[in-house]
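**Student:** Could you have a look at this structure, given as structure tokens, before my questions?
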Amino acid sequence: MITLIDGLSLGSIYALIALGYTMVYGIAKMLNFAHGDVIMVGAYAIVITLSYSVSPIVAIVASIVLCTLLGIVIEKVAYKPLRGASPLAVLITAIGVSYFLQGVAQLVFGSQPKPVASVWRQLPAIPSLNDLGITTGAAVTLVCGVIIMVALTLFIKCTKTGRAMLAVSEDRGAAVLMGINVNKIITVTFAVGSALAAFAGMFYLFQIPNAEPTLGAMPGITAFTAAVIGGIGSIPGAMVGGILLGVVEKLCLASPLSSYTVAIKFSLLIVILLVKPTGLLGKITREKV
Amino acid sequence: MKKLLALALVAVMALAMFACGSTDNYAAKNTEYFIGGTGPLTGDASSYGISVQNGAKLAIEKINANGGLNGKNFKFDIKDDQAAADKASSAYDQLFEAGMQISFGSVTSGSCEAFAAKAVNDNLFFMTPSASADICIANDNAFRVCFGDPDQGILAAEELTANFTKIGAIYDESDTYSSGIYEAFDAKMKELGVEYTTKTFNAENKLDFSTQVEALKDCDVIFLPIYYTEAGLIAKAAVAKGCDAVLFGCDGLDGVAGQIDETVTNVIKYITPFDVNSTDANVAEFVAAYETAYGVKPDQFAADGYDVVMAIYEAMKAAGVDDVTIDPDTLCEKVKAAITADDFTFTGVTGTMTWDLSGAATKVPVIIELNK
Amino acid sequence: MKNFKIKHFINYALVGALLIFGVIMHFTGSLRPSTAQLFAQIGYGIILAVSLNLVVGFLGELSLGHAGFMCVGAYIGGLFAVMLKQSGLDMKLPVLIIAMIVGGLFAALFGFIIGLPSLRLKGDYLAIVTLAFGEIVRNIFMNQKVFGGAKGLTTGSLIYDTRQSPTLFIVVFIVAIIMLALVQNLVRSKHGRAITAIRDNEIAAKAMGINVTFYKLFVFIVAAFFAGCAGVIYAHTTTPVLYSFFSYNYSIEILVMVVLGGMGSITGSIISAVFITAINFMLQSQLSGDLASLKNVVYAVILVIVVIFSNAPALKSFRERYSISAFFERFRKHDASKRRDDEAKWARVPSKIKMDALLSTDMAPDSDASIHGDISANDKGGSK
């Protein structure tokens with residue numbers, strides 16, 4: 001039971017990261033390998049601002065602003081020149097950006113993990129939950145994850161920009177003909193995706209209170225796996241996939257097969273995709289000649 | 001069919017590489033003694049490599065400030081191996097061709113094994129600061145200053161069974177150091193006939209330890225043959241889970257002080273030859289100098305890096321080396337003879353130690369309790 | 001020679017030039033051990049890049065698990081070679097060759113296994129499955145005591161010491177040339193056309209009577225075999241064979257070689273394998289000590305700049321003037337009669353462009369656009 005709850009709290013982080021992946025993929029049709037590293041930057045932003053003993057609110061705002069700007073800059077510098085080029089080329093620049101961010105983080109912050117100030121982890125206790133073994137951090141992550149998911153869905157369904165995003169993801173050519181500024185929409189997508197990364201970095205620090213240059217790599221890959229399990233492009237799918245992976249990882253670690261956790265986690269992905277080739281909640285597109 | 005640019009670059013680099021031919025003694029043109037080695041300076045393990053680098057550089061500065069060896073200074077270079085064996089062997093060749101005469105090997109065990117496989121052919125003397133797997137010092141030219149993995153595992157097993165009843169352990173299956181200690185610990189525990197519980201993790205899930213701590217919540221003591229970054233996370237997970245077990249680690253735990261804060265109430269003990277809070281004048285001087293230079297307190301790796309360079313220097317002095325262009329082979333024989341001599345003892349910041357031909361340092365381990 | 005075409009031999013010439021260069025240097029005694037080591041690394045880099053190009057460039061499936069095949073080869077072939085050595089067969093070359101075949105075959109078996117999902121999955125979904133496969137393989141090998149567990153497989157007895165006998169690179173380059181011959185003839189054969197037909201349009205290829213199942217599995221098996229061979233060579237260059245080396249990061253590095261060189265271009269793969277390996281080597285030797293942390297930044301900047309220069313649509317005219325193919329074109333121009341001959345011959349083969357034009361009239365807008373750029377018929381650029 002406790003393991004399940006631990007899995008939920010880890011899964012909620014994966015889910016948050018997966019939301020960012022799925023959002024960018026859904027609209028820009030690219031695997032943003034640098035997403036994990038934007039999370040890392042967001043986490044460092046919080047750790048550094050908190051070390052000047054400012055209020056956590058300031059740290060959160062700083063982190064979100066920084067990540068959003070970073071997302072826009074990355075998009076403009078590294079991805080935009082390649083619009084219309086082979087998507088694999090964009091994948092490679094994304095990897096380049098990922099190395100770059102890691103390298104710069106190491107140059108600036110050093111490679112020693114930086115612990116976040118203890119104020120970040122001292123959340124108010126919620127006795128009824130805490131007695132069940134659910135930490136406040138996990139509860140907050142989970143609730144916020146759901147809120148963000150709903151907000152994101154509403155944003156895409158109900159606002160003009162959101163619907164434009166949807167149009168771009170459906171058919172870029174037709175969207176241009178309808179008078180949508182595709183470049184602007186993609187920039188907005190990256191801005192939103194990076195703001196989500198800032199949130200992910202924030203919640204990551206609730207449970208894993210260290211920031212280091214390679215922080216984004218492994219959770220990033222796991223979250224990407226989660227996004228694919230849920231059906232990449234599908235917002236609720238990312239949530240489901242993330243939580244599923246978190247729970248499975250924790251169950252494996254608690255079982256005698258703990259050495260094979262990574263293998264089991266990824267095997268689950270393969271099995272799910274073999275049964276449902278577009279993920280749990282992915283749209284099935286019929287292929288035509 | 002791709003870019004002219006790429007081809008041109010490749011051509012220029014190829015020419016640059018082939019510009020000079022080989023000679024038998026690459027050190028013939030040296031004007032300083034050249035100590036080289038490899039370590040992870042980027043990537044996951046980079047904090048260890050950088051600590052060793054910092055410690056070693058401090059020692060070099062100190063030696064050179066005091067006039068070097070017979071008036072000749074020391075030169076120091078560390079190449080990045082990203083803790084990967086293939087990069088360590090490339091780096092070995094690069095260093096050797098640049099005139100490296102004596103070495104501190106590699107920081108991590110896997111790299112050091114690759115380094116050792118190369119160094120044995122040139123009979124190059126090296127003393128590793130922190131590669132604790134026994135295979136790294138299997139050859140006669142290889143030495144180390146840190147404890148070996150098995151020694152620490154056995155010591156920990158004896159210590160824990162003597163003082164605690166409910167014992168748990170968490171170790172990193174994907175790490176040579178951690179699994180090396182654990183294997184010896186496990187064997188000793190079986191020999192002593194003591195039951196205990198083990199939980200594992202590996203490089204892919206070394207961030208969230210709630211499950212492992214949950215399973216070992218009721219233990220009196222948790223044995224942590226791991227590095228301090230993960231130990232810090234485990235300590236915090238223990239707080240979150242309300243687990244008050246003693247956390248008992250090995251020399252890798254040194255540096256954990258920087259990873260925890262006042263919320264951690266667990267007693268943390270570890271086997272170490274180096275105590276950053278020691279009142280010993282030698283240690284205090286090193287800690288102060290390190291803090292001035294790098295702004296942080298030194299950890300075990302930094303202390304080992306410092307000691308390796310100092311030990312090599314002392315051994316070269318004892319061997320009466322006076323030729324700055326000495327070739328590595330001759331130097332190795334001289335230093336080896338000097339360092340294994342009965343009257344050679346070295347007192348560094350990680351204790352007083354002696355060596356024999358096995359390459360392992362004989363020194364007294366101390367178990368210290370973290371002073372928070 | 002009537003059918004002589006430069007482009008058929010440029011690949012052999014490139015690898016052969018490196019080989020001859022190395023051999024001459026070796027016999028004149030001016031080959032540095034580090035260069036011999038670099039040559040061996042370049043050699044297996046070429047094998048990995050060309051074999052991955054077979055999957056990514058020719059079959060058109062994105063694979064992020066190539067290091068996994070290499071891992072299988074390195075562990076199994078490495079262990080096999082160590083056992084051969086222990087059983088008394090103390091001849092370096094035969095051990096290497098036998099181990100390479102064994103390692104390659106085991107990797108090919110895994111290639112078959114990973115080829116199976118490719119029958120059902122497409123694009124990014126297959127990419128993530130290959131990535132998952134690579135991670136699974138390495139996790140499993142790490143947990144096997146027989147392969148040394150976390151300590152890795154010690155292959156010290158296999159190492160070709162680059163100082164006393166820096167000859168491994170000769171073997172590696174010869175293997176690379178053999179592989180080039182096989183791959184080049186494969187892609188130019190009837191089978192090769194079937195494979196590119198699957199890439200260009202799977203359903204159309206099926207309709208033409210091409211056995212898609214067979215060819216997909218076949219390509220994965222061949223690519224895995226060569227990656228396994230590269231793994232065995234790797235086990236002969238360094239000790240220990242450590243599971244952590246074969247992470248998805250390394251798969252990505254191989255992919256970078258392929259994409260940088262141009263998908264479907266073998267020559268490109270060779271050049272960029274040399275380029276990437278050499279650049280890593282140079283960065284390692286030049287940026288040591290305190291400068292090491294700059295390495296990733298410099299590498300990343302080079303990578304982004306090169307990719308943007310070679311792929312950005314805005315820079316197309318620049319590339320057409322200064323690319324390597326344009327460079328060669330200039331030499332060929334004066335031989336106009338032969339050129340026309342070539343073109344006439346190729347015109348008889350229905351090219352992929354024509355096929356696309358033929359079929360694109362009833363092409364539905366595809367919201368799940370595949371990430372393979374060369375299927376450009378349904379890939380609508382945003383900047384239109």
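Just so we're on the same page: first chain in the structure tokens is A, next is B, and so on; residues restart at 1 for each chain, and ligands are numbered from 1 in the order they show up.
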Taking only C-alpha atoms into account, find every residue of chain A that has an atom no more than 8 Å from chain C, and write it out as a ChimeraX atom specification.

**Tutor:** /A:29-30,78,81-89,92-93,96-97,99-104,106-107,169-173,176,182-183,225,228,259-260,262-264,266-267,269-270,273-274,277-278,285,288-289

**Student:** Could you turn the residues from that selection into a file that holds N, CA and C atoms, as a CSV table (one decimal), in the first residue's frame?

**Tutor:**
chain,number,residue,atom,x,y,z
A,29,LYS,N,5.4,18.4,-33.5
A,29,LYS,CA,5.8,17.1,-34.0
A,29,LYS,C,7.3,16.9,-33.9
A,30,MET,N,7.8,17.2,-32.8
A,30,MET,CA,9.2,16.9,-32.6
A,30,MET,C,9.5,16.4,-31.1
A,78,ALA,N,17.6,27.4,-32.2
A,78,ALA,CA,17.9,26.0,-32.6
A,78,ALA,C,16.9,25.3,-33.5
A,81,PRO,N,15.3,27.8,-37.4
A,81,PRO,CA,15.9,27.7,-38.7
A,81,PRO,C,15.7,26.4,-39.4
A,82,LEU,N,15.3,25.4,-38.7
A,82,LEU,CA,15.1,24.1,-39.3
A,82,LEU,C,13.7,23.7,-39.6
A,83,ARG,N,12.8,24.7,-39.5
A,83,ARG,CA,11.4,24.5,-39.8
A,83,ARG,C,11.3,24.1,-41.3
A,84,GLY,N,10.7,22.9,-41.6
A,84,GLY,CA,10.6,22.5,-43.0
A,84,GLY,C,11.8,21.6,-43.4
A,85,ALA,N,12.8,21.4,-42.5
A,85,ALA,CA,13.9,20.5,-42.8
A,85,ALA,C,13.5,19.1,-42.2
A,86,SER,N,14.3,18.1,-42.4
A,86,SER,CA,14.0,16.8,-41.9
A,86,SER,C,13.8,16.8,-40.4
A,87,PRO,N,12.8,16.2,-39.9
A,87,PRO,CA,12.5,16.2,-38.4
A,87,PRO,C,13.7,15.6,-37.7
A,88,LEU,N,14.4,14.7,-38.3
A,88,LEU,CA,15.6,14.1,-37.6
A,88,LEU,C,16.7,15.1,-37.4
A,89,ALA,N,16.8,16.1,-38.3
A,89,ALA,CA,17.8,17.2,-38.0
A,89,ALA,C,17.4,17.9,-36.8
A,92,ILE,N,18.3,16.1,-33.7
A,92,ILE,CA,19.8,16.3,-33.4
A,92,ILE,C,20.1,17.6,-32.8
A,93,THR,N,19.5,18.7,-33.3
A,93,THR,CA,19.7,20.0,-32.6
A,93,THR,C,19.2,20.0,-31.2
A,96,GLY,N,21.7,18.5,-29.2
A,96,GLY,CA,22.8,19.4,-29.1
A,96,GLY,C,22.4,20.4,-28.0
A,97,VAL,N,21.2,20.9,-28.0
A,97,VAL,CA,20.8,21.9,-27.0
A,97,VAL,C,20.8,21.3,-25.6
A,99,TYR,N,22.9,18.9,-24.5
A,99,TYR,CA,24.3,18.8,-24.1
A,99,TYR,C,24.7,20.2,-23.7
A,100,PHE,N,24.3,21.2,-24.5
A,100,PHE,CA,24.7,22.6,-24.2
A,100,PHE,C,24.3,23.0,-22.8
A,101,LEU,N,23.0,22.8,-22.5
A,101,LEU,CA,22.5,23.2,-21.2
A,101,LEU,C,23.2,22.5,-20.1
A,102,GLN,N,23.4,21.2,-20.3
A,102,GLN,CA,24.1,20.4,-19.2
A,102,GLN,C,25.5,21.0,-19.0
A,103,GLY,N,26.2,21.3,-20.2
A,103,GLY,CA,27.6,21.8,-20.1
A,103,GLY,C,27.6,23.1,-19.4
A,104,VAL,N,26.7,24.0,-19.8
A,104,VAL,CA,26.7,25.3,-19.2
A,104,VAL,C,26.3,25.2,-17.7
A,106,GLN,N,27.0,22.9,-15.7
A,106,GLN,CA,28.2,22.4,-15.0
A,106,GLN,C,29.2,23.6,-14.8
A,107,LEU,N,29.4,24.3,-15.9
A,107,LEU,CA,30.3,25.5,-15.8
A,107,LEU,C,29.9,26.5,-14.8
A,169,SER,N,-1.4,21.4,-35.3
A,169,SER,CA,-1.1,20.0,-35.1
A,169,SER,C,-1.8,19.1,-36.0
A,170,GLU,N,-3.1,19.4,-36.4
A,170,GLU,CA,-3.8,18.6,-37.3
A,170,GLU,C,-3.2,18.7,-38.7
A,171,ASP,N,-3.0,19.9,-39.2
A,171,ASP,CA,-2.6,20.1,-40.6
A,171,ASP,C,-1.9,21.4,-40.7
A,172,ARG,N,-0.6,21.4,-40.7
A,172,ARG,CA,0.1,22.7,-40.8
A,172,ARG,C,-0.2,23.5,-42.0
A,173,GLY,N,-0.3,22.8,-43.1
A,173,GLY,CA,-0.5,23.5,-44.4
A,173,GLY,C,-1.9,24.2,-44.4
A,176,VAL,N,-2.0,27.3,-42.2
A,176,VAL,CA,-1.5,28.5,-42.8
A,176,VAL,C,-2.5,29.1,-43.7
A,182,VAL,N,1.8,30.2,-38.0
A,182,VAL,CA,2.3,28.9,-37.5
A,182,VAL,C,3.5,29.2,-36.6
A,183,ASN,N,4.4,30.0,-37.1
A,183,ASN,CA,5.6,30.3,-36.3
A,183,ASN,C,5.3,30.8,-34.9
A,225,THR,N,9.0,8.1,-22.1
A,225,THR,CA,8.4,6.8,-22.2
A,225,THR,C,6.9,6.8,-21.7
A,228,VAL,N,4.7,8.3,-24.2
A,228,VAL,CA,4.4,7.3,-25.3
A,228,VAL,C,3.5,6.3,-24.9
A,259,SER,N,16.5,-5.7,-9.1
A,259,SER,CA,17.6,-5.5,-10.0
A,259,SER,C,17.2,-5.2,-11.4
A,260,TYR,N,16.0,-5.7,-11.8
A,260,TYR,CA,15.6,-5.6,-13.2
A,260,TYR,C,14.5,-4.5,-13.4
A,262,VAL,N,14.6,-1.5,-14.4
A,262,VAL,CA,14.7,-0.7,-15.6
A,262,VAL,C,14.2,-1.6,-16.8
A,263,ALA,N,14.6,-2.9,-16.8
A,263,ALA,CA,14.2,-3.8,-17.8
A,263,ALA,C,12.6,-4.0,-17.8
A,264,ILE,N,12.1,-4.1,-16.6
A,264,ILE,CA,10.6,-4.3,-16.4
A,264,ILE,C,9.9,-3.1,-16.9
A,266,PHE,N,10.8,-0.8,-19.0
A,266,PHE,CA,10.8,-0.6,-20.5
A,266,PHE,C,10.1,-1.8,-21.2
A,267,SER,N,10.1,-3.0,-20.6
A,267,SER,CA,9.3,-4.1,-21.2
A,267,SER,C,7.8,-3.7,-21.2
A,269,LEU,N,6.5,-0.9,-21.5
A,269,LEU,CA,6.3,0.0,-22.7
A,269,LEU,C,6.1,-0.8,-24.0
A,270,ILE,N,7.1,-1.8,-24.2
A,270,ILE,CA,7.0,-2.6,-25.4
A,270,ILE,C,5.7,-3.3,-25.5
A,273,LEU,N,2.8,-1.1,-26.2
A,273,LEU,CA,2.8,-0.6,-27.6
A,273,LEU,C,2.4,-1.8,-28.6
A,274,LEU,N,2.8,-3.0,-28.3
A,274,LEU,CA,2.5,-4.1,-29.2
A,274,LEU,C,1.0,-4.3,-29.2
A,277,PRO,N,-0.7,0.0,-30.5
A,277,PRO,CA,0.4,0.6,-31.2
A,277,PRO,C,0.5,2.1,-31.1
A,278,THR,N,-0.6,2.8,-30.7
A,278,THR,CA,-0.5,4.3,-30.5
A,278,THR,C,-0.6,4.6,-29.0
A,285,THR,N,-4.6,6.5,-36.2
A,285,THR,CA,-4.7,7.1,-37.5
A,285,THR,C,-4.7,6.1,-38.5
A,288,LYS,N,-3.2,5.9,-45.1
A,288,LYS,CA,-3.7,5.8,-46.5
A,288,LYS,C,-2.5,5.9,-47.5
A,289,VAL,N,-2.7,5.4,-48.6
A,289,VAL,CA,-1.6,5.6,-49.6
A,289,VAL,C,-1.8,6.9,-50.3

**Student:** Residues of chain A within 8 Å of chain B, counting only C-alpha atoms, what are they? List them as a count of residues only.

**Tutor:** 27

**Student:** What are the residues of chain C that have an atom within 6 Å of an atom of chain B, counting only C-alpha atoms, as a PyMOL selection string?

**Tutor:** chain C and resi 30+32+34+150-151+238-239+267-268+275+288-289+293+323-325

**Student:** Would you mind writing down, as an NGL selection string, each residue of segment 101-175 of chain B that DSSP on the backbone assigns to strand (DSSP E)?

**Tutor:** :B and (102-106 or 126-128 or 142-144 or 167-172)

**Student:** Can you list, as a ChimeraX atom specification, every protein, DNA or RNA residue that comes within 8 Å of Ile13 of chain A when you count only C-alpha atoms, leaving out same-chain residues fewer than 3 positions away?

**Tutor:** /A:9-10,16-17,141,200,203-204,242

**Student:** For the residues in that selection, give me N, CA and C atoms as a tab-separated table (two decimals), in the first residue's frame.

**Tutor:**
chain	number	residue	atom	x	y	z
A	9	SER	N	3.42	9.23	-5.96
A	9	SER	CA	4.09	10.52	-5.88
A	9	SER	C	5.23	10.62	-6.89
A	10	LEU	N	5.94	9.52	-7.11
A	10	LEU	CA	6.98	9.55	-8.15
A	10	LEU	C	6.32	9.70	-9.52
A	16	LEU	N	4.00	15.05	-14.81
A	16	LEU	CA	4.18	16.48	-15.10
A	16	LEU	C	5.20	16.70	-16.21
A	17	ILE	N	6.31	15.93	-16.13
A	17	ILE	CA	7.32	16.08	-17.18
A	17	ILE	C	6.75	15.61	-18.52
A	141	THR	N	1.85	17.66	-5.43
A	141	THR	CA	2.26	17.34	-6.80
A	141	THR	C	1.11	16.74	-7.58
A	200	ALA	N	7.48	21.30	-13.37
A	200	ALA	CA	8.02	19.96	-13.10
A	200	ALA	C	9.25	20.06	-12.22
A	203	PHE	N	8.20	20.69	-8.59
A	203	PHE	CA	7.67	19.53	-7.87
A	203	PHE	C	8.72	18.45	-7.69
A	204	TYR	N	9.63	18.39	-8.65
A	204	TYR	CA	10.75	17.47	-8.54
A	204	TYR	C	11.50	17.74	-7.25
A	242	GLY	N	2.43	8.50	-16.92
A	242	GLY	CA	3.39	8.87	-15.89
A	242	GLY	C	3.11	8.16	-14.58

**Student:** Please list as a ChimeraX atom specification every residue within 12 Å of Ala125 of chain A, counting only C-alpha atoms and excluding residues in the same chain fewer than 6 positions away.

**Tutor:** /A:131,133-140 /B:240

**Student:** Report as a PDB file with N, CA and C atoms, in the first residue's frame all protein, DNA and RNA residues lying within 8 Å of Pro150 of chain B, evaluated on only C-alpha atoms, omitting residues in the same chain fewer than 6 positions from it.

**Tutor:**
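Here's the written file around_16.pdb:
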ATOM      1  N   GLY B 180      31.238  -3.692  -4.942  1.00  0.00           N
ATOM      2  CA  GLY B 180      32.462  -4.314  -4.450  1.00  0.00           C
ATOM      3  C   GLY B 180      32.457  -4.431  -2.938  1.00  0.00           C
ATOM      4  N   ILE B 181      32.112  -3.342  -2.274  1.00  0.00           N
ATOM      5  CA  ILE B 181      32.060  -3.375  -0.807  1.00  0.00           C
ATOM      6  C   ILE B 181      30.947  -4.321  -0.348  1.00  0.00           C
ATOM      7  N   GLU B 183      29.652  -6.924  -1.742  1.00  0.00           N
ATOM      8  CA  GLU B 183      29.949  -8.355  -1.887  1.00  0.00           C
ATOM      9  C   GLU B 183      30.767  -8.873  -0.703  1.00  0.00           C
ATOM     10  N   ALA B 184      31.784  -8.085  -0.336  1.00  0.00           N
ATOM     11  CA  ALA B 184      32.620  -8.497   0.796  1.00  0.00           C
ATOM     12  C   ALA B 184      31.812  -8.483   2.097  1.00  0.00           C
ATOM     13  N   PHE B 185      30.982  -7.468   2.233  1.00  0.00           N
ATOM     14  CA  PHE B 185      30.134  -7.338   3.415  1.00  0.00           C
ATOM     15  C   PHE B 185      29.201  -8.536   3.520  1.00  0.00           C
TER      16      PHE B 185
END

**Student:** Mind pulling up the distance from atom CA of Phe274 of chain B to atom CA of Val349 of chain B?

**Tutor:**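 It comes out at 6.4 Å.
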
**Student:** Run DSSP on the backbone and give me the residues of segment 4-82 of chain C it puts in helix (DSSP H, G or I), as an NGL selection string.

**Tutor:** :C and (6-27 or 33-59 or 66-82)

**Student:** Skip Gly359 of chain B itself and residues of its chain fewer than 2 positions away, then list as a list of chain:residue names all residues within 7 Å of it, counting only C-alpha atoms.

**Tutor:**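 Once the adjacent positions are removed, what remains is B:Ile137, B:Ala142, B:Phe143, B:Arg144, B:Trp355, B:Asp356, B:Leu357, B:Ala361.
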
**Student:** Which polymer residues have any atom within 6 Å of an atom of Pro240 of chain C, counting only C-alpha atoms, with same-chain residues fewer than 2 positions away left out, as number ranges by chain?

**Tutor:** C: 152-155, 242

**Student:** Store the residues picked out above, limited to N, CA and C atoms, as a compact mmCIF listing (two decimals), in the first residue's frame.

**Tutor:**
# COMPACT_ATOMS: atom_id res chain seq x y z
N GLY C 152 31.83 -5.03 -14.69
CA GLY C 152 32.06 -5.14 -16.12
C GLY C 152 32.89 -6.36 -16.46
N LEU C 153 32.92 -6.67 -17.74
CA LEU C 153 33.65 -7.85 -18.22
C LEU C 153 35.10 -7.47 -18.46
N THR C 154 36.00 -8.10 -17.72
CA THR C 154 37.41 -7.79 -17.90
C THR C 154 37.93 -8.46 -19.16
N THR C 155 38.39 -7.65 -20.09
CA THR C 155 38.88 -8.21 -21.35
C THR C 155 40.36 -7.88 -21.52
N LEU C 242 31.96 -2.23 -19.98
CA LEU C 242 31.12 -1.76 -18.88
C LEU C 242 29.74 -1.40 -19.42

**Student:** As an exercise, work out the distance from atom CA of Tyr250 of chain C to atom CA of Leu14 of chain C in Å and give it to one decimal place.

**Tutor:** 24.2 Å
